[in-house]
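Enquirer: Pasting model_28.pdb here (PDB, C-alpha atoms and all ligand atoms):
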```
MODEL        1
ATOM      1  CA  MET A 114       7.657  94.614 -43.521
ATOM      2  CA  LEU A 115       4.835  96.555 -41.911
ATOM      3  CA  VAL A 116       2.718  94.421 -39.571
ATOM      4  CA  ASN A 117       0.030  95.423 -37.103
ATOM      5  CA  LEU A 118       0.742  96.134 -33.435
ATOM      6  CA  LYS A 119      -0.941  92.959 -32.199
ATOM      7  CA  THR A 120       1.354  90.820 -34.357
ATOM      8  CA  LEU A 121       4.473  92.627 -33.176
ATOM      9  CA  LEU A 122       3.557  92.672 -29.485
ATOM     10  CA  THR A 123       2.310  89.093 -29.128
ATOM     11  CA  LYS A 124       5.826  87.651 -29.167
ATOM     12  CA  ALA A 125       7.227  90.426 -26.958
ATOM     13  CA  TYR A 126       4.417  89.831 -24.422
ATOM     14  CA  ILE A 127       5.183  86.113 -24.199
ATOM     15  CA  ASP A 128       8.945  86.717 -24.003
ATOM     16  CA  LYS A 129       8.556  89.563 -21.445
ATOM     17  CA  ARG A 130      10.326  92.071 -23.646
ATOM     18  CA  ALA A 131       9.250  95.578 -24.642
ATOM     19  CA  VAL A 132       9.206  97.151 -28.079
ATOM     20  CA  GLY A 133      10.152 100.814 -28.178
ATOM     21  CA  SER A 134       7.778 103.258 -29.848
ATOM     22  CA  PHE A 135       9.461 106.357 -31.181
ATOM     23  CA  ASN A 136       7.852 109.537 -32.467
ATOM     24  CA  VAL A 137       8.651 110.694 -35.975
ATOM     25  CA  TYR A 138       7.755 113.988 -37.622
ATOM     26  CA  SER A 139      10.150 114.358 -40.580
ATOM     27  CA  TYR A 140      12.115 112.440 -43.215
ATOM     28  CA  GLU A 141      15.158 112.530 -40.901
ATOM     29  CA  THR A 142      13.396 111.162 -37.816
ATOM     30  CA  ILE A 143      11.723 108.343 -39.814
ATOM     31  CA  HIS A 144      15.078 107.313 -41.291
ATOM     32  CA  GLY A 145      16.734 107.683 -37.863
ATOM     33  CA  VAL A 146      14.312 105.179 -36.292
ATOM     34  CA  CYS A 147      14.605 102.792 -39.272
ATOM     35  CA  LYS A 148      18.388 102.959 -39.155
ATOM     36  CA  ALA A 149      18.298 102.057 -35.441
ATOM     37  CA  ILE A 150      16.118  99.016 -36.221
ATOM     38  CA  LYS A 151      18.644  97.907 -38.848
ATOM     39  CA  ILE A 152      21.653  98.457 -36.565
ATOM     40  CA  THR A 153      20.189  96.692 -33.529
ATOM     41  CA  GLU A 154      18.409  93.989 -35.578
ATOM     42  CA  LYS A 155      15.508  94.257 -33.127
ATOM     43  CA  PRO A 156      11.945  95.463 -33.687
ATOM     44  CA  ALA A 157      10.645  98.962 -32.928
ATOM     45  CA  ILE A 158       7.518 100.963 -33.658
ATOM     46  CA  ILE A 159       7.409 104.019 -35.886
ATOM     47  CA  SER A 160       4.948 106.341 -34.196
ATOM     48  CA  PHE A 161       3.412 109.455 -35.703
ATOM     49  CA  GLY A 162       1.474 111.669 -33.312
ATOM     50  CA  ALA A 163      -1.721 113.225 -34.593
ATOM     51  CA  SER A 164      -0.330 116.455 -33.139
ATOM     52  CA  TYR A 165       2.425 116.388 -35.800
ATOM     53  CA  MET A 166       0.058 116.748 -38.719
ATOM     54  CA  LYS A 167       1.298 120.315 -39.112
ATOM     55  CA  ASN A 168       4.741 118.812 -39.854
ATOM     56  CA  MET A 169       3.658 116.094 -42.300
ATOM     57  CA  SER A 170       0.550 114.567 -43.793
ATOM     58  CA  LEU A 171      -0.414 110.963 -43.003
ATOM     59  CA  GLU A 172       0.147 110.002 -46.653
ATOM     60  CA  CYS A 173       3.608 111.568 -46.682
ATOM     61  CA  VAL A 174       4.606 109.637 -43.542
ATOM     62  CA  LYS A 175       3.335 106.386 -45.071
ATOM     63  CA  SER A 176       5.243 106.835 -48.323
ATOM     64  CA  ILE A 177       8.559 107.665 -46.598
ATOM     65  CA  VAL A 178       8.102 104.719 -44.218
ATOM     66  CA  ASP A 179       7.328 102.367 -47.123
ATOM     67  CA  GLU A 180      10.575 103.319 -48.793
ATOM     68  CA  ALA A 181      12.602 103.166 -45.559
ATOM     69  CA  VAL A 182      11.396  99.685 -44.535
ATOM     70  CA  LYS A 183      11.965  98.090 -47.955
ATOM     71  CA  ASP A 184      15.284  96.425 -47.114
ATOM     72  CA  MET A 185      14.572  96.034 -43.399
ATOM     73  CA  PRO A 186      14.911  92.483 -42.032
ATOM     74  CA  GLU A 187      12.780  93.212 -38.938
ATOM     75  CA  ASP A 188       9.022  93.693 -38.925
ATOM     76  CA  THR A 189       7.819  97.104 -37.836
ATOM     77  CA  VAL A 190       4.560  98.948 -37.149
ATOM     78  CA  LEU A 191       3.365 102.320 -38.376
ATOM     79  CA  HIS A 192       1.356 103.630 -35.444
ATOM     80  CA  LEU A 193      -0.822 106.714 -34.973
ATOM     81  CA  ASP A 194      -0.081 108.092 -31.503
ATOM     82  CA  HIS A 195      -2.628 109.851 -29.217
ATOM     83  CA  CYS A 196      -5.691 110.722 -31.235
ATOM     84  CA  ARG A 197      -9.113 111.778 -30.044
ATOM     85  CA  ASP A 198     -10.524 112.556 -33.465
ATOM     86  CA  LEU A 199     -12.246 109.608 -35.128
ATOM     87  CA  LYS A 200     -11.969 111.290 -38.541
ATOM     88  CA  ILE A 201      -8.166 111.419 -38.258
ATOM     89  CA  ILE A 202      -8.090 107.798 -37.084
ATOM     90  CA  LYS A 203     -10.132 106.819 -40.133
ATOM     91  CA  ALA A 204      -7.771 108.818 -42.370
ATOM     92  CA  ALA A 205      -4.735 107.060 -40.855
ATOM     93  CA  ILE A 206      -6.307 103.638 -41.467
ATOM     94  CA  ASP A 207      -7.079 104.684 -45.052
ATOM     95  CA  ALA A 208      -3.499 105.932 -45.496
ATOM     96  CA  GLY A 209      -2.119 102.502 -44.528
ATOM     97  CA  PHE A 210      -1.150 102.872 -40.861
ATOM     98  CA  THR A 211      -1.127  99.432 -39.206
ATOM     99  CA  SER A 212      -2.000 100.597 -35.692
ATOM    100  CA  VAL A 213      -3.865 103.510 -34.085
ATOM    101  CA  MET A 214      -4.199 104.861 -30.578
ATOM    102  CA  TYR A 215      -7.547 106.213 -29.552
ATOM    103  CA  ASP A 216      -7.098 108.351 -26.442
ATOM    104  CA  GLY A 217     -10.377 108.629 -24.582
ATOM    105  CA  SER A 218      -8.661 108.907 -21.201
ATOM    106  CA  ALA A 219     -10.197 112.323 -20.547
ATOM    107  CA  LEU A 220     -13.720 110.938 -20.934
ATOM    108  CA  ASP A 221     -15.738 109.097 -18.326
ATOM    109  CA  PHE A 222     -15.456 105.301 -18.270
ATOM    110  CA  GLU A 223     -18.570 104.398 -20.282
ATOM    111  CA  GLU A 224     -17.959 107.056 -22.928
ATOM    112  CA  ASN A 225     -14.324 105.948 -23.289
ATOM    113  CA  ILE A 226     -15.545 102.357 -23.763
ATOM    114  CA  LYS A 227     -18.139 103.357 -26.355
ATOM    115  CA  ASN A 228     -15.753 105.427 -28.494
ATOM    116  CA  THR A 229     -12.917 102.922 -28.152
ATOM    117  CA  LYS A 230     -15.252 100.143 -29.295
ATOM    118  CA  ASP A 231     -16.228 102.178 -32.362
ATOM    119  CA  VAL A 232     -12.548 102.614 -33.224
ATOM    120  CA  VAL A 233     -11.876  98.893 -32.677
ATOM    121  CA  ASP A 234     -14.731  97.940 -35.048
ATOM    122  CA  MET A 235     -13.454 100.337 -37.707
ATOM    123  CA  ALA A 236      -9.779  99.342 -37.325
ATOM    124  CA  HIS A 237     -10.120  95.576 -36.972
ATOM    125  CA  ALA A 238     -12.151  95.461 -40.193
ATOM    126  CA  GLU A 239      -8.959  96.625 -41.937
ATOM    127  CA  ASN A 240      -6.578  94.412 -39.887
ATOM    128  CA  VAL A 241      -5.347  97.495 -38.008
ATOM    129  CA  SER A 242      -4.599  97.241 -34.256
ATOM    130  CA  VAL A 243      -5.919  99.570 -31.556
ATOM    131  CA  GLU A 244      -4.265 100.909 -28.425
ATOM    132  CA  ALA A 245      -6.449 102.750 -25.907
ATOM    133  CA  GLU A 246      -5.797 104.469 -22.592
ATOM    134  CA  LEU A 247      -7.349 104.227 -19.170
ATOM    135  CA  GLY A 248      -6.216 106.567 -16.389
ATOM    136  CA  LYS A 249      -4.313 109.753 -17.144
ATOM    137  CA  VAL A 250      -0.578 110.160 -17.713
ATOM    138  CA  ALA A 251       0.461 113.558 -16.339
ATOM    139  CA  LEU A 252       2.231 116.274 -18.296
ATOM    140  CA  GLY A 253       5.868 116.923 -17.322
ATOM    141  CA  ASP A 254       8.478 119.425 -18.506
ATOM    142  CA  TYR A 255       9.523 119.882 -22.170
ATOM    143  CA  SER A 256       6.696 117.714 -23.447
ATOM    144  CA  ASN A 257       5.461 118.314 -26.921
ATOM    145  CA  GLU A 258       2.047 116.797 -26.228
ATOM    146  CA  THR A 259      -0.415 119.625 -26.536
ATOM    147  CA  ASP A 260      -3.649 117.715 -26.827
ATOM    148  CA  ILE A 261      -3.649 115.733 -23.601
ATOM    149  CA  ASP A 262      -4.932 116.272 -20.114
ATOM    150  CA  SER A 263      -2.272 117.434 -17.659
ATOM    151  CA  LYS A 264      -3.624 115.809 -14.499
ATOM    152  CA  GLN A 265      -2.564 112.397 -13.261
ATOM    153  CA  ALA A 266      -4.966 109.582 -12.436
ATOM    154  CA  PHE A 267      -3.683 106.064 -11.845
ATOM    155  CA  THR A 268      -5.277 103.230 -13.791
ATOM    156  CA  ASN A 269      -7.672 101.176 -11.706
ATOM    157  CA  PRO A 270      -6.767  97.466 -12.131
ATOM    158  CA  SER A 271     -10.316  96.059 -12.070
ATOM    159  CA  SER A 272     -11.575  98.789 -14.426
ATOM    160  CA  ALA A 273      -8.655  97.957 -16.741
ATOM    161  CA  ALA A 274      -9.786  94.333 -16.969
ATOM    162  CA  GLU A 275     -13.381  95.351 -17.696
ATOM    163  CA  PHE A 276     -12.237  97.955 -20.232
ATOM    164  CA  ALA A 277     -10.021  95.495 -22.127
ATOM    165  CA  GLU A 278     -12.714  92.853 -22.210
ATOM    166  CA  ARG A 279     -15.558  95.113 -23.341
ATOM    167  CA  THR A 280     -13.579  96.994 -26.003
ATOM    168  CA  ASN A 281     -11.517  94.120 -27.478
ATOM    169  CA  ILE A 282      -8.476  96.407 -27.805
ATOM    170  CA  ASP A 283      -5.031  95.046 -28.689
ATOM    171  CA  ALA A 284      -2.967  97.033 -26.172
ATOM    172  CA  LEU A 285      -3.749  99.177 -23.137
ATOM    173  CA  ALA A 286      -1.848 102.308 -22.099
ATOM    174  CA  VAL A 287      -1.756 102.565 -18.326
ATOM    175  CA  SER A 288      -1.032 105.388 -15.910
ATOM    176  CA  ILE A 289       1.296 104.302 -13.104
ATOM    177  CA  GLY A 290       3.209 107.516 -12.426
ATOM    178  CA  THR A 291       5.203 108.222 -15.589
ATOM    179  CA  VAL A 292       4.737 111.653 -17.220
ATOM    180  CA  HIS A 293       4.731 112.974 -20.786
ATOM    181  CA  GLY A 294       8.053 114.807 -21.102
ATOM    182  CA  MET A 295      10.626 115.063 -18.308
ATOM    183  CA  TYR A 296       9.823 114.645 -14.603
ATOM    184  CA  LYS A 297       9.453 117.814 -12.545
ATOM    185  CA  GLY A 298      10.643 115.990  -9.397
ATOM    186  CA  GLU A 299      11.713 112.457  -8.508
ATOM    187  CA  PRO A 300       9.726 109.876 -10.490
ATOM    188  CA  ASN A 301       7.503 107.679  -8.338
ATOM    189  CA  ILE A 302       6.465 104.736 -10.504
ATOM    190  CA  ARG A 303       3.835 102.489  -8.934
ATOM    191  CA  ILE A 304       5.047  99.003  -9.867
ATOM    192  CA  ASP A 305       2.536  97.676  -7.295
ATOM    193  CA  ILE A 306      -0.368  99.072  -9.352
ATOM    194  CA  LEU A 307       1.192  97.740 -12.574
ATOM    195  CA  LYS A 308       1.429  94.250 -11.042
ATOM    196  CA  GLU A 309      -2.272  94.365 -10.172
ATOM    197  CA  ILE A 310      -3.220  95.539 -13.683
ATOM    198  CA  ASN A 311      -1.063  92.831 -15.235
ATOM    199  CA  ALA A 312      -2.624  90.157 -13.025
ATOM    200  CA  ALA A 313      -6.154  91.345 -13.870
ATOM    201  CA  THR A 314      -5.663  91.582 -17.663
ATOM    202  CA  ASP A 315      -4.218  89.420 -20.406
ATOM    203  CA  ILE A 316      -3.248  91.986 -23.017
ATOM    204  CA  PRO A 317       0.035  93.826 -23.702
ATOM    205  CA  LEU A 318       0.365  96.972 -21.582
ATOM    206  CA  VAL A 319       1.840 100.242 -22.804
ATOM    207  CA  LEU A 320       3.941 102.755 -20.897
ATOM    208  CA  HIS A 321       3.736 106.358 -22.058
ATOM    209  CA  GLY A 322       6.343 108.795 -20.831
ATOM    210  CA  GLY A 323       9.491 106.655 -21.044
ATOM    211  CA  SER A 324      11.705 109.781 -21.141
ATOM    212  CA  GLY A 325      13.662 110.367 -17.951
ATOM    213  CA  THR A 326      12.393 107.185 -16.265
ATOM    214  CA  PRO A 327      15.276 105.382 -14.496
ATOM    215  CA  LYS A 328      16.512 102.320 -16.416
ATOM    216  CA  LYS A 329      15.978 100.022 -13.457
ATOM    217  CA  THR A 330      12.341 101.119 -13.220
ATOM    218  CA  LEU A 331      11.815 100.547 -16.943
ATOM    219  CA  ILE A 332      13.185  97.010 -16.608
ATOM    220  CA  ASP A 333      10.858  96.421 -13.635
ATOM    221  CA  CYS A 334       7.941  97.604 -15.783
ATOM    222  CA  ILE A 335       8.938  95.213 -18.597
ATOM    223  CA  LYS A 336       8.997  92.299 -16.144
ATOM    224  CA  ASN A 337       5.444  93.179 -15.163
ATOM    225  CA  GLY A 338       3.559  93.300 -18.454
ATOM    226  CA  ILE A 339       4.726  96.487 -20.171
ATOM    227  CA  CYS A 340       5.638  95.546 -23.719
ATOM    228  CA  LYS A 341       5.431  98.856 -25.562
ATOM    229  CA  ILE A 342       7.284 101.901 -24.259
ATOM    230  CA  ASN A 343       6.852 105.338 -25.816
ATOM    231  CA  VAL A 344       9.854 107.653 -25.892
ATOM    232  CA  ASN A 345       9.744 111.066 -27.510
ATOM    233  CA  THR A 346      11.155 113.996 -25.509
ATOM    234  CA  GLU A 347      14.502 112.450 -24.620
ATOM    235  CA  ILE A 348      15.314 111.608 -28.247
ATOM    236  CA  SER A 349      14.530 115.170 -29.297
ATOM    237  CA  ARG A 350      16.645 116.601 -26.485
ATOM    238  CA  TYR A 351      19.602 114.337 -27.298
ATOM    239  CA  THR A 352      19.439 115.163 -31.005
ATOM    240  CA  VAL A 353      19.065 118.909 -30.519
ATOM    241  CA  ARG A 354      22.040 118.979 -28.121
ATOM    242  CA  LYS A 355      24.218 117.089 -30.605
ATOM    243  CA  MET A 356      23.134 119.312 -33.499
ATOM    244  CA  TYR A 357      23.836 122.410 -31.448
ATOM    245  CA  LYS A 358      27.347 121.082 -30.833
ATOM    246  CA  ALA A 359      27.781 120.289 -34.562
ATOM    247  CA  ILE A 360      26.810 123.871 -35.464
ATOM    248  CA  GLU A 361      29.151 125.260 -32.803
ATOM    249  CA  ASP A 362      31.993 123.155 -34.210
ATOM    250  CA  GLU A 363      31.236 124.156 -37.800
ATOM    251  CA  PRO A 364      29.144 127.365 -37.977
ATOM    252  CA  ASN A 365      29.030 127.300 -41.793
ATOM    253  CA  ILE A 366      27.842 123.704 -41.994
ATOM    254  CA  HIS A 367      25.538 123.076 -44.954
ATOM    255  CA  LEU A 368      21.926 122.316 -44.080
ATOM    256  CA  SER A 369      22.033 119.076 -46.085
ATOM    257  CA  LYS A 370      24.917 117.826 -43.970
ATOM    258  CA  LEU A 371      23.069 118.818 -40.822
ATOM    259  CA  ALA A 372      20.051 116.803 -41.977
ATOM    260  CA  LEU A 373      22.231 113.691 -42.352
ATOM    261  CA  LEU A 374      23.654 114.277 -38.881
ATOM    262  CA  GLU A 375      20.132 114.592 -37.490
ATOM    263  CA  THR A 376      19.271 111.114 -38.820
ATOM    264  CA  GLU A 377      22.481 109.787 -37.261
ATOM    265  CA  PHE A 378      21.806 111.320 -33.831
ATOM    266  CA  VAL A 379      18.187 110.086 -33.739
ATOM    267  CA  SER A 380      19.450 106.626 -34.639
ATOM    268  CA  GLU A 381      22.060 106.691 -31.832
ATOM    269  CA  SER A 382      19.511 107.625 -29.203
ATOM    270  CA  VAL A 383      16.804 105.234 -30.448
ATOM    271  CA  SER A 384      19.291 102.314 -30.687
ATOM    272  CA  GLU A 385      20.125 102.703 -27.031
ATOM    273  CA  TYR A 386      16.455 102.457 -26.031
ATOM    274  CA  ILE A 387      15.784  99.502 -28.324
ATOM    275  CA  ARG A 388      18.655  97.593 -26.731
ATOM    276  CA  LEU A 389      17.424  98.434 -23.237
ATOM    277  CA  PHE A 390      13.805  97.425 -23.896
ATOM    278  CA  TYR A 391      14.038  94.378 -26.160
ATOM    279  CA  ARG A 392      16.039  91.931 -24.126
ATOM    280  CA  ASN A 393      15.424  89.069 -21.768
TER     281      ASN A 393
HETATM  282 ZN    ZN A 401       1.516 109.381 -24.637
ENDMDL
END
```
What would the structure in this file look like if it were written as structure tokens?
Expert:
Amino acid sequence: MLVNLKTLLTKAYIDKRAVGSFNVYSYETIHGVCKAIKITEKPAIISFGASYMKNMSLECVKSIVDEAVKDMPEDTVLHLDHCRDLKIIKAAIDAGFTSVMYDGSALDFEENIKNTKDVVDMAHAENVSVEAELGKVALGDYSNETDIDSKQAFTNPSSAAEFAERTNIDALAVSIGTVHGMYKGEPNIRIDILKEINAATDIPLVLHGGSGTPKKTLIDCIKNGICKINVNTEISRYTVRKMYKAIEDEPNIHLSKLALLETEFVSESVSEYIRLFYRN
């Protein structure tokens, strides 16, 4: 069943677990994520980036997800990832998404608060959750995020508390050194800053840029308040590598067979992350 993000994260936050959030942009990727949820019997978030609207419409995503979650024992969330455009956020809410991310991280503090609050008012009226971002997550290699700022700015813990309180958001994306895409050098994740943010706030925290982050660091993050982790690039890279190999092995493979393999490979990669994140 589709539930909102707040509902799904409340239990994870109390249990100190994280729910994986995985980007989808096709029938195959949606079914890959749903298959992983069924195999692992653990929750995960189906995330559609506003930047993928050239791949699929919001309505198309919703209808495929509805069909895919029909026989699913676990609750899941249909989330709109990184969006700056209030019209698109409204359209996602109208289409039946149960969670939206408003990304005002490029704006100054007061403007980010004002816009985020507007989104919260609009979304909460429809029982839809809101994730917002404070600080900037840098852009790494191979990222597919085209609409975000590339510079890094760590989240300020006391600003985070004020931001959460004044906006009434359901989850806060923080910047503690992860990047969108793969790291250009050695990752330097500031668990010390995360601890301060977690101590200053009482809402679920979100980590963007899970790809390429060492497992030990991810577990450290989960122990310190992160309960939603976004992974995109690494799943794409894994799947493309496996499909490349499948084509090499069988150059005349039919496209329909390749599509089924794509679902399988996405599911393999996503399952591994779900198991890593959602555990005590
Ligand atoms: Zn992100």
Enquirer: Which residue out of A:Leu247, A:Leu368, A:Met185, A:Val174 has the minimum interatomic distance to ligand ZN 401 (chain A) when only C-alpha atoms and all ligand atoms are used?
Expert: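 Answer, going by the shortest atom-to-atom distance: A:Leu247.
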Enquirer: Using all atoms listed in the file, which of the listed residues (A:Thr280, A:Asn136, A:Asn337, A:Thr189) sits closest to ligand ZN 401 (chain A)?
Expert: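 Comparing A:Thr280, A:Asn136, A:Asn337, A:Thr189 against ligand ZN 401 (chain A), the winner is A:Asn136.
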Enquirer: Please build the interface table for chain A against ligand ZN 401 (chain A) with a cut-off of 9 Å, listing for each qualifying residue the nearest atom pair and the distance in Å to one decimal; count all atoms listed in the file, order rows by chain and increasing number, and write it as CSV.
Expert:
```
residue,atom,partner,partner_atom,distance
A:Gly162,CA,A:ZN401,ZN,9.0
A:Asp194,CA,A:ZN401,ZN,7.2
A:His195,CA,A:ZN401,ZN,6.2
A:Asp216,CA,A:ZN401,ZN,8.9
A:Val250,CA,A:ZN401,ZN,7.3
A:Glu258,CA,A:ZN401,ZN,7.6
A:Ile261,CA,A:ZN401,ZN,8.3
A:Ala286,CA,A:ZN401,ZN,8.2
A:Val292,CA,A:ZN401,ZN,8.4
A:His293,CA,A:ZN401,ZN,6.2
A:Leu320,CA,A:ZN401,ZN,8.0
A:His321,CA,A:ZN401,ZN,4.6
A:Gly322,CA,A:ZN401,ZN,6.2
A:Asn343,CA,A:ZN401,ZN,6.8
A:Val344,CA,A:ZN401,ZN,8.6
A:Asn345,CA,A:ZN401,ZN,8.9
```
Enquirer: Using the chain letters and numbers from the file, which residues does the PyMOL selection byres (((chain A and resi 284) around 6) and not hetatm) grab, as an MDAnalysis selection string?
Expert: chainID A and resid 244 282:283 285 316:318
Enquirer: Tell me which protein, DNA and RNA residues are within 12 Å of Lys370 of chain A, counting all atoms listed in the file, leaving out same-chain ones fewer than 5 positions away, and put them as a compact mmCIF listing (two decimals) with C-alpha atoms, keeping the file's coordinate frame.
Expert:
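The new file around.txt reads:
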```txt
# COMPACT_ATOMS: atom_id res chain seq x y z
CA GLU A 141 15.16 112.53 -40.90
CA MET A 356 23.13 119.31 -33.50
CA ALA A 359 27.78 120.29 -34.56
CA ILE A 360 26.81 123.87 -35.46
CA GLU A 363 31.24 124.16 -37.80
CA ASN A 365 29.03 127.30 -41.79
CA GLU A 375 20.13 114.59 -37.49
CA THR A 376 19.27 111.11 -38.82
CA GLU A 377 22.48 109.79 -37.26
```
Enquirer: Do a neighbour search on Thr326 of chain A at 9 Å with all atoms listed in the file, toss out local chain neighbours closer than 5 positions, and write the hits as a list of chain:residue names.
Expert: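 Surrounding residues, per the criterion: A:Thr291, A:Val292, A:Met295, A:Tyr296, A:Pro300, A:Ile302, A:Leu331.
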Enquirer: For the provided coordinates, the residues matched by the PyMOL selection byres (((chain A and resi 199) around 10) and not hetatm) should be stated as a ChimeraX atom specification.
Expert: /A:196-198,200-205,215,228-229,231-232,235
Enquirer: Give me, please, the distance in Å between atom CA of Ile206 of chain A and atom CA of Lys167 of chain A, quoted to one decimal.
Expert: 18.5 Å
Enquirer: Kindly indicate which residue among A:Val243, A:Ile335, A:Ile177, A:Met166 lies nearest to Gly145 of chain A, using only C-alpha atoms for the distances.
Expert: A:Ile177
Enquirer: Got a sec: who's within 6 Å of Tyr391 of chain A, counting only C-alpha atoms, leaving out chain neighbours fewer than 2 positions off, as a list of chain:residue names?
Expert: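 My list of contacting residues is A:Arg130, A:Ala131, A:Val132, A:Ile387, A:Arg388.
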Enquirer: Nearest to Leu191 of chain A among A:Phe222, A:Phe135, A:Tyr165, A:Tyr140, with distances taken over all atoms listed in the file: which residue is it?
Expert: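 Among the listed residues, the smallest separation from Leu191 of chain A belongs to A:Phe135.
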